[in-house]
Amino acid sequence: MAAAPQSAVRLTLLMCAAESLSMTGFACFTTLLPVLMKAWGLNNSEAGLISGVFYTGYMLAVPVLTSLTDRVDSRRVYLFACALSAVGAGGFAWFANGLWSALVFQFLIGAGLAGTYMPGLSAAFTAGVIAATAPERRGATMAVYSFSGFTTAFLAPLVFGVVLDLAGGNQSQVAWGFAFASIGIFGVLAPAARWIYWGQTTKPSQSA
């Protein structure tokens with residue numbers, strides 16, 4: 001009977017990893033705001049608009065993507081949202097060069113988060129780990145999952161800064177591209193972690 005706790009831990013780690021990876025684009029622009037304001041010649045209003053449009057994308061996409069999971073396989077919605085976030089991060093990396101382009105890509109990153117974080121809390125996504133977890137630990141498991149995604153608000157800017165330094169520093173346009181692209185790559189890895197999780201939760205029972 002020791003397999004059940006091990007299974008619960010493994011599924012929880014996979015679920016948390018997928019959530020954290022899908023949220024890596026969450027805080028990078030805000031963290032780098034002083035540098036980008038200078039590089040793009042943004043005033044305070046324009047910088048605030050770019051920061052805010054992320055939440056606009058999230059707000060507008062939540063009712064659409066969350067309700068879509070009632071009609072379409074929620075896994076498709078999740079994978080589409082991950083792709084949306086990756087396109088937003090990758091586009092910001094290589095094509096954003098000022099106010100309007102930054103608005104478009106920040107909006108996409110926010111919309112992508114709406115399709116990973118909210119559906120990720122649904123019963124369709126968490127049923128496997130809940131079933132494998134002891135009843136008295138289910139609340140704690142979901143609390144850890146809800147919290148795990150926002151650890152990327154710390155880790156993603158840290159990774160971004162390390163890549164930026166290693167690639168040539170903030171005076172290099174190529175370095176900026178690699179730094180933002182590294183965040184996009186993490187977003188691409190999120191479906192892989194979630195796919196492994198789905199594979200683990202859909203295996204037929206081996207118990208006698």
# chains A, B, ... in the order shown; residues from 1 in each chain; ligands from 1
>>> residues_around(residues="A:Leu36", least_positions_apart="4", cutoff="12 Å", atoms="only C-alpha atoms", output="MDAnalysis selection string")
chainID A and resid 28:32 40:44 46:47 50:51 92 96:99 102 170:171 173 176
>>> write_last_selection(atoms="N, CA and C atoms", output="JSON list (two decimals), in the first residue's frame")
[["chain", "number", "residue", "atom", "x", "y", "z"],
["A", 28, "CYS", "N", 7.94, 38.94, -15.96],
["A", 28, "CYS", "CA", 9.22, 39.43, -16.50],
["A", 28, "CYS", "C", 9.18, 40.89, -16.93],
["A", 29, "PHE", "N", 8.10, 41.31, -17.61],
["A", 29, "PHE", "CA", 8.08, 42.70, -18.07],
["A", 29, "PHE", "C", 8.11, 43.66, -16.89],
["A", 30, "THR", "N", 7.29, 43.40, -15.89],
["A", 30, "THR", "CA", 7.24, 44.29, -14.73],
["A", 30, "THR", "C", 8.59, 44.36, -14.04],
["A", 31, "THR", "N", 9.27, 43.23, -13.94],
["A", 31, "THR", "CA", 10.58, 43.20, -13.29],
["A", 31, "THR", "C", 11.59, 44.04, -14.06],
["A", 32, "LEU", "N", 11.50, 44.04, -15.39],
["A", 32, "LEU", "CA", 12.48, 44.73, -16.23],
["A", 32, "LEU", "C", 12.00, 46.10, -16.68],
["A", 40, "TRP", "N", 13.10, 51.77, -24.78],
["A", 40, "TRP", "CA", 12.03, 52.05, -25.74],
["A", 40, "TRP", "C", 11.52, 53.48, -25.66],
["A", 41, "GLY", "N", 12.03, 54.26, -24.73],
["A", 41, "GLY", "CA", 11.58, 55.64, -24.58],
["A", 41, "GLY", "C", 10.13, 55.74, -24.13],
["A", 42, "LEU", "N", 9.72, 54.87, -23.23],
["A", 42, "LEU", "CA", 8.34, 54.86, -22.75],
["A", 42, "LEU", "C", 8.14, 55.89, -21.66],
["A", 43, "ASN", "N", 6.98, 56.54, -21.66],
["A", 43, "ASN", "CA", 6.64, 57.37, -20.50],
["A", 43, "ASN", "C", 5.90, 56.51, -19.48],
["A", 44, "ASN", "N", 5.55, 57.08, -18.35],
["A", 44, "ASN", "CA", 4.94, 56.30, -17.27],
["A", 44, "ASN", "C", 3.60, 55.69, -17.68],
["A", 46, "GLU", "N", 2.57, 54.86, -20.73],
["A", 46, "GLU", "CA", 2.77, 53.76, -21.68],
["A", 46, "GLU", "C", 3.28, 52.51, -20.98],
["A", 47, "ALA", "N", 4.19, 52.70, -20.03],
["A", 47, "ALA", "CA", 4.71, 51.55, -19.28],
["A", 47, "ALA", "C", 3.60, 50.89, -18.47],
["A", 50, "ILE", "N", 1.33, 48.80, -20.79],
["A", 50, "ILE", "CA", 1.90, 47.49, -21.15],
["A", 50, "ILE", "C", 1.75, 46.51, -19.98],
["A", 51, "SER", "N", 1.99, 46.99, -18.77],
["A", 51, "SER", "CA", 1.82, 46.12, -17.60],
["A", 51, "SER", "C", 0.37, 45.69, -17.44],
["A", 92, "PHE", "N", 7.52, 38.50, -27.91],
["A", 92, "PHE", "CA", 8.12, 39.58, -27.13],
["A", 92, "PHE", "C", 9.64, 39.52, -27.25],
["A", 96, "ALA", "N", 9.07, 42.41, -30.29],
["A", 96, "ALA", "CA", 8.64, 43.61, -29.56],
["A", 96, "ALA", "C", 9.76, 44.65, -29.57],
["A", 97, "ASN", "N", 9.41, 45.86, -29.99],
["A", 97, "ASN", "CA", 10.41, 46.93, -30.04],
["A", 97, "ASN", "C", 9.85, 48.28, -29.61],
["A", 98, "GLY", "N", 8.72, 48.24, -28.94],
["A", 98, "GLY", "CA", 8.11, 49.48, -28.49],
["A", 98, "GLY", "C", 6.72, 49.23, -27.95],
["A", 99, "LEU", "N", 5.95, 50.29, -27.82],
["A", 99, "LEU", "CA", 4.65, 50.23, -27.15],
["A", 99, "LEU", "C", 3.68, 49.25, -27.80],
["A", 102, "ALA", "N", 4.67, 45.50, -27.92],
["A", 102, "ALA", "CA", 4.69, 44.97, -26.55],
["A", 102, "ALA", "C", 3.27, 44.73, -26.04],
["A", 170, "ASN", "N", 22.59, 43.62, -20.92],
["A", 170, "ASN", "CA", 21.42, 44.35, -21.41],
["A", 170, "ASN", "C", 21.71, 45.35, -22.51],
["A", 171, "GLN", "N", 22.97, 45.46, -22.95],
["A", 171, "GLN", "CA", 23.28, 46.31, -24.09],
["A", 171, "GLN", "C", 23.20, 45.54, -25.41],
["A", 173, "GLN", "N", 21.12, 43.38, -28.12],
["A", 173, "GLN", "CA", 19.77, 43.04, -28.57],
["A", 173, "GLN", "C", 19.59, 41.52, -28.64],
["A", 176, "TRP", "N", 18.89, 40.10, -25.20],
["A", 176, "TRP", "CA", 17.49, 40.29, -24.81],
["A", 176, "TRP", "C", 16.62, 39.22, -25.44]]
>>> closest_atom_pairs(of="stretch 13-53 of chain A", to="stretch 110-116 of chain A", cutoff="8 Å", atoms="only C-alpha atoms", output="Markdown table")
| residue | atom | partner | partner_atom | distance |
| --- | --- | --- | --- | --- |
| A:Glu19 | CA | A:Thr116 | CA | 7.2 |
| A:Ser22 | CA | A:Thr116 | CA | 6.8 |
| A:Met23 | CA | A:Leu113 | CA | 6.5 |
| A:Phe26 | CA | A:Gly110 | CA | 7.6 |
| A:Val53 | CA | A:Gly110 | CA | 7.7 |
>>> write_last_selection(atoms="C-alpha atoms", output="CSV table (one decimal), in the first residue's frame")
chain,number,residue,atom,x,y,z
A,19,GLU,CA,1.5,24.9,-13.6
A,22,SER,CA,3.1,27.6,-17.9
A,23,MET,CA,3.4,30.8,-15.8
A,26,PHE,CA,4.0,36.2,-15.7
A,53,VAL,CA,-2.7,44.8,-20.8
>>> closest_residue(among="A:Tyr58, A:Ala181, A:Arg137, A:Ala156", to="A:Val9", atoms="only C-alpha atoms")
A:Arg137
>>> closest_residue(among="A:Thr141, A:Ala93, A:Ile109, A:Thr133", to="A:Gly177", atoms="only C-alpha atoms")
A:Ala93
>>> select_by_dssp(residues="stretch 32-202 of chain A", states="alpha helix (DSSP H)", output="VMD selection string")
chain A and resid 33 to 40 44 to 68 74 to 94 99 to 120 123 to 132 138 to 148 152 to 167 173 to 201
>>> residues_around(residues="A:Ala89", least_positions_apart="2", cutoff="9 Å", atoms="only C-alpha atoms", output="JSON, numbers by chain")
{"A": [25, 84, 85, 86, 87, 91, 92, 93, 94, 105, 106, 108, 109, 180, 181, 182, 183, 184, 185, 187]}
>>> residues_around(residues="A:Phe150", least_positions_apart="2", cutoff="9 Å", atoms="only C-alpha atoms", output="list in words")
Glu19, Ser20, Met23, Thr24, Phe26, Ser146, Phe147, Ser148, Thr152, Ala153 and Phe154 of chain A
>>> write_last_selection(atoms="N, CA and C atoms", output="CSV table (one decimal), in the first residue's frame")
chain,number,residue,atom,x,y,z
A,19,GLU,N,2.1,23.6,-13.9
A,19,GLU,CA,1.5,24.9,-13.6
A,19,GLU,C,2.6,26.0,-13.6
A,20,SER,N,3.7,25.7,-12.9
A,20,SER,CA,4.8,26.7,-12.8
A,20,SER,C,5.4,27.0,-14.1
A,23,MET,N,3.5,29.4,-16.3
A,23,MET,CA,3.4,30.8,-15.8
A,23,MET,C,4.7,31.6,-15.9
A,24,THR,N,5.7,31.1,-16.6
A,24,THR,CA,7.0,31.7,-16.5
A,24,THR,C,7.0,33.1,-17.1
A,26,PHE,N,4.9,35.4,-16.5
A,26,PHE,CA,4.0,36.2,-15.7
A,26,PHE,C,4.6,37.5,-15.2
A,146,SER,N,-2.0,25.4,-6.0
A,146,SER,CA,-2.4,26.8,-6.2
A,146,SER,C,-1.2,27.8,-6.0
A,147,PHE,N,-0.4,27.5,-5.0
A,147,PHE,CA,0.7,28.3,-4.7
A,147,PHE,C,1.9,28.2,-5.7
A,148,SER,N,2.1,27.0,-6.2
A,148,SER,CA,3.3,26.6,-6.9
A,148,SER,C,3.5,27.5,-8.2
A,152,THR,N,6.9,31.1,-9.7
A,152,THR,CA,7.6,31.6,-10.9
A,152,THR,C,7.7,33.1,-11.0
A,153,ALA,N,6.9,33.8,-10.2
A,153,ALA,CA,7.1,35.3,-10.1
A,153,ALA,C,8.5,35.6,-9.6
A,154,PHE,N,9.1,34.7,-8.8
A,154,PHE,CA,10.4,34.9,-8.3
A,154,PHE,C,11.4,34.2,-9.3
>>> atom_distance(atom1="atom CA of A:Val104", atom2="atom CA of A:Ala39")
18.1 Å
>>> closest_residue(among="A:Leu11, A:Cys16, A:Ala134, A:Cys82", to="A:Thr151", atoms="only C-alpha atoms")
A:Cys16
>>> closest_residue(among="A:Gly57, A:Met15, A:Leu103, A:Leu49", to="A:Ala81", atoms="only C-alpha atoms")
A:Gly57
>>> atom_distance(atom1="atom CA of A:Arg138", atom2="atom CA of A:Asp70")
24.1 Å
